[in-house]
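Asker: This is the structure I have questions about; it appears just below.
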Amino acid sequence: MRKNLLVCLVIILNFLSCESNKPPIKAAVVSARIEASKIGIGILEKGGNAFDAMIATDLALAVCYPNAGNIGGGGFLVYRKSDGSVGSLDYREKAPLASYKDMYLDSDGNVIEGKSTIGGMAIGVPGTVAGLYEVHNKLGTLPWEELVQPAIDLATNGYIVTINQANSFSSKRNDFVNINGEETLFAKEFKPGDTVINIQLANTLKEIQKNGKSGFYNGIVAENLVSEVQKAGGIITMQDLDNYKPIWRNPIEFSYKNLKITSMGPPSSGGICLAQMMKMIEPYDISQYSHNSLESIQLMTEAERRTYADRSEYLGDSDFYPVPVSTLIDSTYLLKRMKDFNWEKATLSTNISAGPNLWNESDETTHYSIVDQYGNAVAVTTTLNASYGSKVYVENGGYFLNNEMDDFVSKPGVPNMFGLTGSIANSIEPEKRMLSSMTPTIIEKDNNLFMILGTPGGSTIITSVFQTILNAYEFNMDIQESVNASRFHHQWLPDLIVLEPDKFDSELINKLISKGYFIDEKASRIIGRVDAILVNKDGVITTGADPRGDDAAAVLR
Ligand code: DON
């Protein structure tokens, strides 16, 4: 017994001394798959910067994480360069030229179930390849060919199916077969430990490697895409592809105590909503209540409720609709919004309606965070929307196409896949971008880089980012604990606090119920999968990869 204890002690001491003997972390990539994180670090090892690593990591995810990593979808980049300057790139999908406001309604004006979520009509014009190529042109340092090569190698040599991934493939296999037939790559039944080799995707990536943006938006790859979309009943044309352009946009910047937070603006709601929630709780000094206590849940829920009500009414693509950005994040306005908050009684959301499909999708979007050895920081969230998007698979190209059109409002008041409702601000128009919740975020503390984070999770993205920031900053958790901590979510409608199942004790739940809150613990699923990096005041880098998935960090020392 004594001997065993001694052995254990020696092992622990050894482990601790190894950790402390390791050289400090100079750079880190945290993503949904270790293969992608390592590929990002490989680029940094070659002397590339965070933007070079972004491109290689992103394309690697398109290969080994095909439910969300993509070339057939879109995303957002938020960055902070080592000199402190910040910016953002919008490479969100767009509505096709032939789209129109009521395209998902039948002749009686009712939403046709599934039309905006599955099959050809659900697909928005993809933005990812244009976005990555734009990042390369403006901010990259290594040759494009070198950044694409690791993903080509990964597609050619294959990647190993994890347990989570085998479950994900098999849960959607029927859809793949129904939409694409029995013969496509993902109609096969993959088991954990199997290797997936995707030669078609390797060939598509070679076209992109050779011809940059036009390797995807023109020529054979584009022709295959259009023909597959049209076969699946969709309306995307060669002209849609040729017209696609990513847009550099001013990010949303706001302060919270001594933090300066930079996040994505429209067409994402992420930055504005995060600003609203943080500014609404700022006067209350939440750190006086403990993490996930009755008081902190009440305060955050009431801020979330009010924020999502505004989202529904005011937010959409600001190139098409006058989003009142500065009013929405104005401190005086937000103070007023919390005026009727009452510690004794929940504020009721009006018109309670249960979004029937609220929680039946998971793992669809993906986020990665990068800090390089030069001090540049990159936060990217990218998506096909649902898992494997529209399920339409471009067979000759080896990739899935998004179903991002569901992020538009099919009909005012009718909830989308995430239970979100909206207004004319987010109605469908040709070439308009659909409203997103993606919230890639970078935070400075006392003028130094402090946090890089983001997450998938549809409507729960913004509240997951909100909680993770507070965990680290207000509740003094390390970054891994901040990511691991149990999460909850409220989005105004339906009027429910959704809790991660079996994580919150019944006494707390009963107290919330007694104050008039409605609780949903059963119907819920994983809320967010945050991948984050924290840099402390001494410049020490730590990583938080979400244990809810296969997420993993790779580092450079
Ligand atoms: O842009 C959006 O907000 C959604 N398309 C994101 C989808 C998503 O996060 C799905 N992941 N769980």
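Identifiers in the structure tokens: chain A, B, ... in order shown; residue index from 1 per chain; ligand index from 1 in order shown.
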Give me, as a Markdown table, each residue of chain A that comes within 7 Å of ligand 1, together with its shortest interatomic pair and the distance in Å at one decimal, counting only C-alpha atoms and all ligand atoms, with rows ordered by chain and rising residue number.

Answerer:
| residue | atom | partner | partner_atom_place_in_ligand_line | distance |
| --- | --- | --- | --- | --- |
| A:Glu361 | CA | ligand 1 | 12 (N) | 6.6 |
| A:Ser362 | CA | ligand 1 | 12 (N) | 4.8 |
| A:Asp363 | CA | ligand 1 | 12 (N) | 4.7 |
| A:Glu364 | CA | ligand 1 | 11 (N) | 3.8 |
| A:Thr365 | CA | ligand 1 | 11 (N) | 4.1 |
| A:Thr383 | CA | ligand 1 | 7 (C) | 6.2 |
| A:Leu384 | CA | ligand 1 | 5 (N) | 6.8 |
| A:Asn385 | CA | ligand 1 | 5 (N) | 3.8 |
| A:Ala386 | CA | ligand 1 | 10 (C) | 5.4 |
| A:Glu404 | CA | ligand 1 | 5 (N) | 5.7 |
| A:Asp407 | CA | ligand 1 | 5 (N) | 6.0 |
| A:Leu435 | CA | ligand 1 | 1 (O) | 6.6 |
| A:Ser436 | CA | ligand 1 | 1 (O) | 3.5 |
| A:Ser437 | CA | ligand 1 | 3 (O) | 3.6 |
| A:Met438 | CA | ligand 1 | 3 (O) | 4.9 |
| A:Pro456 | CA | ligand 1 | 9 (O) | 4.0 |
| A:Gly457 | CA | ligand 1 | 12 (N) | 3.3 |
| A:Gly458 | CA | ligand 1 | 9 (O) | 3.4 |
| A:Ser459 | CA | ligand 1 | 3 (O) | 6.2 |
| A:Ile461 | CA | ligand 1 | 9 (O) | 6.5 |
| A:Gly528 | CA | ligand 1 | 12 (N) | 6.9 |

Asker: I'd like the neighbourhood of region 44-55 of chain A as a list in words, where a residue qualifies if any of its atoms comes within 6 Å (using only C-alpha atoms), though same-chain residues fewer than 4 positions away should be ignored.

Answerer: Gly40, Leu132, Gly140, Leu142 and Asp372 of chain A

Asker: Using the selection just defined, write its residues with all heavy atoms as an mmCIF file, in the first residue's frame.

Answerer:
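For reference, selection.cif as written:
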data_model
loop_
_atom_site.group_PDB
_atom_site.id
_atom_site.type_symbol
_atom_site.label_atom_id
_atom_site.label_comp_id
_atom_site.auth_asym_id
_atom_site.auth_seq_id
_atom_site.Cartn_x
_atom_site.Cartn_y
_atom_site.Cartn_z
ATOM 1 N N GLY A 40 -2.142 23.479 -38.489
ATOM 2 C CA GLY A 40 -1.966 24.918 -38.237
ATOM 3 C C GLY A 40 -0.608 25.204 -37.604
ATOM 4 O O GLY A 40 0.120 26.108 -38.023
ATOM 5 N N LEU A 132 -10.876 32.647 -47.647
ATOM 6 C CA LEU A 132 -9.508 32.225 -47.323
ATOM 7 C C LEU A 132 -8.509 32.865 -48.288
ATOM 8 O O LEU A 132 -7.422 33.290 -47.892
ATOM 9 C CB LEU A 132 -9.396 30.692 -47.386
ATOM 10 C CG LEU A 132 -10.269 29.921 -46.385
ATOM 11 C CD1 LEU A 132 -10.036 28.420 -46.529
ATOM 12 C CD2 LEU A 132 -10.004 30.353 -44.951
ATOM 13 N N GLY A 140 -1.575 37.175 -45.386
ATOM 14 C CA GLY A 140 -0.725 35.986 -45.342
ATOM 15 C C GLY A 140 0.726 36.301 -45.708
ATOM 16 O O GLY A 140 1.019 37.351 -46.278
ATOM 17 N N LEU A 142 3.107 33.192 -46.324
ATOM 18 C CA LEU A 142 3.648 32.040 -47.055
ATOM 19 C C LEU A 142 2.904 31.883 -48.391
ATOM 20 O O LEU A 142 1.771 32.351 -48.530
ATOM 21 C CB LEU A 142 3.496 30.760 -46.236
ATOM 22 C CG LEU A 142 4.294 30.660 -44.933
ATOM 23 C CD1 LEU A 142 4.110 29.281 -44.294
ATOM 24 C CD2 LEU A 142 5.779 30.933 -45.152
ATOM 25 N N ASP A 372 -0.242 33.341 -32.780
ATOM 26 C CA ASP A 372 1.050 32.926 -33.339
ATOM 27 C C ASP A 372 2.199 33.453 -32.490
ATOM 28 O O ASP A 372 1.990 34.185 -31.508
ATOM 29 C CB ASP A 372 1.159 33.312 -34.821
ATOM 30 C CG ASP A 372 1.257 34.818 -35.056
ATOM 31 O OD1 ASP A 372 1.550 35.561 -34.098
ATOM 32 O OD2 ASP A 372 1.041 35.246 -36.214
#

Asker: Which residues, written as a VMD selection string, have at least one atom at most 7 Å from region 321-330 of chain A, with only C-alpha atoms counted and residues fewer than 3 positions away on the same chain left out?

Answerer: chain A and resid 272 275 to 276 314 to 318 333 to 334 425

Asker: How would the residues just picked look written out with N, CA, C and O atoms as an mmCIF file, in the first residue's frame?

Answerer:
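Final output, saved to selection06.cif:
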data_model
loop_
_atom_site.group_PDB
_atom_site.id
_atom_site.type_symbol
_atom_site.label_atom_id
_atom_site.label_comp_id
_atom_site.auth_asym_id
_atom_site.auth_seq_id
_atom_site.Cartn_x
_atom_site.Cartn_y
_atom_site.Cartn_z
ATOM 1 N N ILE A 272 -23.025 42.292 -31.717
ATOM 2 C CA ILE A 272 -24.021 43.214 -31.138
ATOM 3 C C ILE A 272 -24.688 42.562 -29.927
ATOM 4 O O ILE A 272 -24.824 43.166 -28.863
ATOM 5 N N ALA A 275 -22.336 42.321 -26.987
ATOM 6 C CA ALA A 275 -22.184 43.657 -26.388
ATOM 7 C C ALA A 275 -23.410 43.989 -25.535
ATOM 8 O O ALA A 275 -23.289 44.481 -24.404
ATOM 9 N N GLN A 276 -24.588 43.704 -26.055
ATOM 10 C CA GLN A 276 -25.805 44.010 -25.296
ATOM 11 C C GLN A 276 -25.830 43.266 -23.958
ATOM 12 O O GLN A 276 -26.095 43.848 -22.914
ATOM 13 N N TYR A 314 -34.469 43.660 -34.966
ATOM 14 C CA TYR A 314 -33.637 44.676 -35.627
ATOM 15 C C TYR A 314 -32.491 44.148 -36.479
ATOM 16 O O TYR A 314 -31.867 44.932 -37.195
ATOM 17 N N LEU A 315 -32.155 42.861 -36.357
ATOM 18 C CA LEU A 315 -30.896 42.453 -36.980
ATOM 19 C C LEU A 315 -31.061 41.701 -38.295
ATOM 20 O O LEU A 315 -31.969 40.881 -38.459
ATOM 21 N N GLY A 316 -30.166 42.029 -39.218
ATOM 22 C CA GLY A 316 -30.114 41.409 -40.536
ATOM 23 C C GLY A 316 -28.851 41.914 -41.214
ATOM 24 O O GLY A 316 -27.990 42.537 -40.574
ATOM 25 N N ASP A 317 -28.733 41.676 -42.492
ATOM 26 C CA ASP A 317 -27.571 42.121 -43.264
ATOM 27 C C ASP A 317 -27.634 43.641 -43.420
ATOM 28 O O ASP A 317 -28.545 44.166 -44.065
ATOM 29 N N SER A 318 -26.663 44.341 -42.840
ATOM 30 C CA SER A 318 -26.722 45.816 -42.835
ATOM 31 C C SER A 318 -26.499 46.421 -44.226
ATOM 32 O O SER A 318 -26.720 47.609 -44.417
ATOM 33 N N TYR A 333 -29.151 53.143 -23.503
ATOM 34 C CA TYR A 333 -30.259 52.299 -23.986
ATOM 35 C C TYR A 333 -30.287 50.972 -23.223
ATOM 36 O O TYR A 333 -31.344 50.517 -22.783
ATOM 37 N N LEU A 334 -29.122 50.389 -23.022
ATOM 38 C CA LEU A 334 -29.077 49.062 -22.392
ATOM 39 C C LEU A 334 -29.417 49.128 -20.904
ATOM 40 O O LEU A 334 -30.043 48.219 -20.353
ATOM 41 N N ALA A 425 -36.100 42.638 -41.335
ATOM 42 C CA ALA A 425 -34.650 42.904 -41.338
ATOM 43 C C ALA A 425 -33.874 41.715 -41.884
ATOM 44 O O ALA A 425 -32.814 41.872 -42.489
#

Asker: Identify, on the basis of only C-alpha atoms, every residue whose closest approach to region 554-557 of chain A does not exceed 10 Å; exclude the query and any residue fewer than 2 positions from it along the same chain; express the result as a PyMOL selection string.

Answerer: chain A and resi 22-31+33-42+44-45+370-373+541-543+545+552

Asker: When you count only C-alpha atoms, which of these residues is closest to Ala222 (chain A): A:Leu493, A:Asn198, A:Cys64, A:Pro126?

Answerer: A:Pro126

Asker: So that I can check the surroundings of Ser99 (chain A), please list as a list in words every protein, DNA and RNA residue that reaches within 6 Å of it, counting only C-alpha atoms and ignoring chain neighbours fewer than 2 positions away.

Answerer: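 Residues meeting the cut-off are Pro96, Leu97 and Pro430 of chain A.
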
Asker: Write a file of the selected residues as a PDB file, in the first residue's frame, keeping N, CA, C and O atoms.

Answerer:
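New file result.pdb:
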ATOM      1  N   PRO A  96     -28.962  33.238 -53.448  1.00  0.00           N
ATOM      2  CA  PRO A  96     -28.763  33.250 -54.904  1.00  0.00           C
ATOM      3  C   PRO A  96     -29.558  34.364 -55.588  1.00  0.00           C
ATOM      4  O   PRO A  96     -30.554  34.850 -55.031  1.00  0.00           O
ATOM      5  N   LEU A  97     -29.123  34.733 -56.790  1.00  0.00           N
ATOM      6  CA  LEU A  97     -29.800  35.800 -57.548  1.00  0.00           C
ATOM      7  C   LEU A  97     -31.282  35.498 -57.769  1.00  0.00           C
ATOM      8  O   LEU A  97     -32.115  36.401 -57.791  1.00  0.00           O
ATOM      9  N   PRO A 430     -32.307  38.663 -53.108  1.00  0.00           N
ATOM     10  CA  PRO A 430     -31.157  38.204 -53.874  1.00  0.00           C
ATOM     11  C   PRO A 430     -29.865  38.861 -53.391  1.00  0.00           C
ATOM     12  O   PRO A 430     -29.845  40.063 -53.147  1.00  0.00           O
TER      13      PRO A 430
END
